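S.K.: Can you keep this structure in mind? I'll have questions shortly.
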Amino acid sequence: MLDEVVTLDSDEEGKNSTITAKGVNGEDIVMQYNHKDYADLIGPPNAVAPRAAPTSVIQATPTKLPKRPGSMPPFALFSQETRHKLQAEDPDIGFGELGRKLGEMWHALKEEQKEDYRRRAREVADAKMKSWKETVSAIPKHKQLQLEQNQPRRRAMKIKKKKTSGYAIFCSEQRRKYTNEQPELQFSDISKKVAEDWRLSSEAFKKEYEEKAQRYNIEEEKRWRQRIYMQQQHQMKMQA
């Protein structure tokens, strides 16, 4: 029986190691072992863990050019900020009714309020355009040309013709009036009042608003034809 280990001697690397110990009666007990017999468990002496090979970061190659951002309509910005408020006031409101109310509220805004939305919409559009230019500039020129050739030709964007009605103009004017005179009124209450005012109006009164709407639609028709012409000219330049 061993009472303590006295020495641990080792020969050259890869040869036998000797353990000398004292027995109970004082006799020397010598034990030998070879490092190679345990290399699979403890590894070679003074082994250094291998370094992992450095991995190179492969940058993904874009398969198509990012879509060029367009202008931000002021009404779209107004709708984003107002839609949640209307849905909170009337959770059961339908999509069509929601759009109609947003249109009425937009028409009821003062000109300086609309101008503020126009300014902020331009800032949003400018920020998106700046980000798009930075993304495109990071793509090599030859790759840009290749992606442009592989992209299918886009159809011309359809330009919608705007039309209004006498009732829409009347709602815009009356809503602005109620908002200024009774700012504590909810949107739904104003809508009810405006609808009731229109219902009680005479036919001659309604006819005046319909004629006003007709004049607006004629001017809008001219602007629409001008935008169509400019779009056609742009397409001809792109195809040349």
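Residue numbers start at 1 in each chain; chains themselves are named A, B, ... in the order of the structure tokens; ligands are numbered from 1 in the order shown.
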Please provide the set of residues having any atom within 12 Å of Lys161 in chain A, restricted to only C-alpha atoms, with same-chain residues fewer than 3 positions apart removed, written as an MDAnalysis selection string.

M.R.: chainID A and resid 158 164 216:228

S.K.: Which residues are near range 115-128 of chain A? Cut-off 7 Å, only C-alpha atoms, ignore same chain within fewer than 4 positions. Put them as an NGL selection string.

M.R.: :A and (69 or 71-74 or 77-78 or 111 or 132)

S.K.: Select, from A:Val194, A:Lys85, A:Leu65, A:Gln235, the residue with the minimum atom-to-atom distance to Leu145 in chain A, counting only C-alpha atoms.

M.R.: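 Among the listed residues, A:Leu65 lies closest to Leu145 in chain A.
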
S.K.: If we count only C-alpha atoms and set the cut-off at 10 Å, which residues sit around range 178-191 of chain A, ignoring sequence neighbours fewer than 3 positions away in its own chain? Please answer as a list in words.

M.R.: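 Close residues of range 178-191 of chain A: Leu86, Glu89, Asp90, Lys101, Glu104, Met105, Ala108, Leu109, Cys171, Glu173, Gln174, Arg175, Val194, Ala195, Glu196 and Asp197 of chain A.
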
S.K.: For a test of reading the model, state the distance in Å between CA of Lys206 in chain A and CA of Tyr167 in chain A, rounded to one decimal.

M.R.: 7.8 Å

S.K.: Taking only C-alpha atoms into account, name the residue in A:Glu112, A:Phe205, A:Ala213, A:Thr135 that is nearest to Lys162 in chain A.

M.R.: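 That would be A:Ala213, the residue with the smallest distance to Lys162 in chain A.
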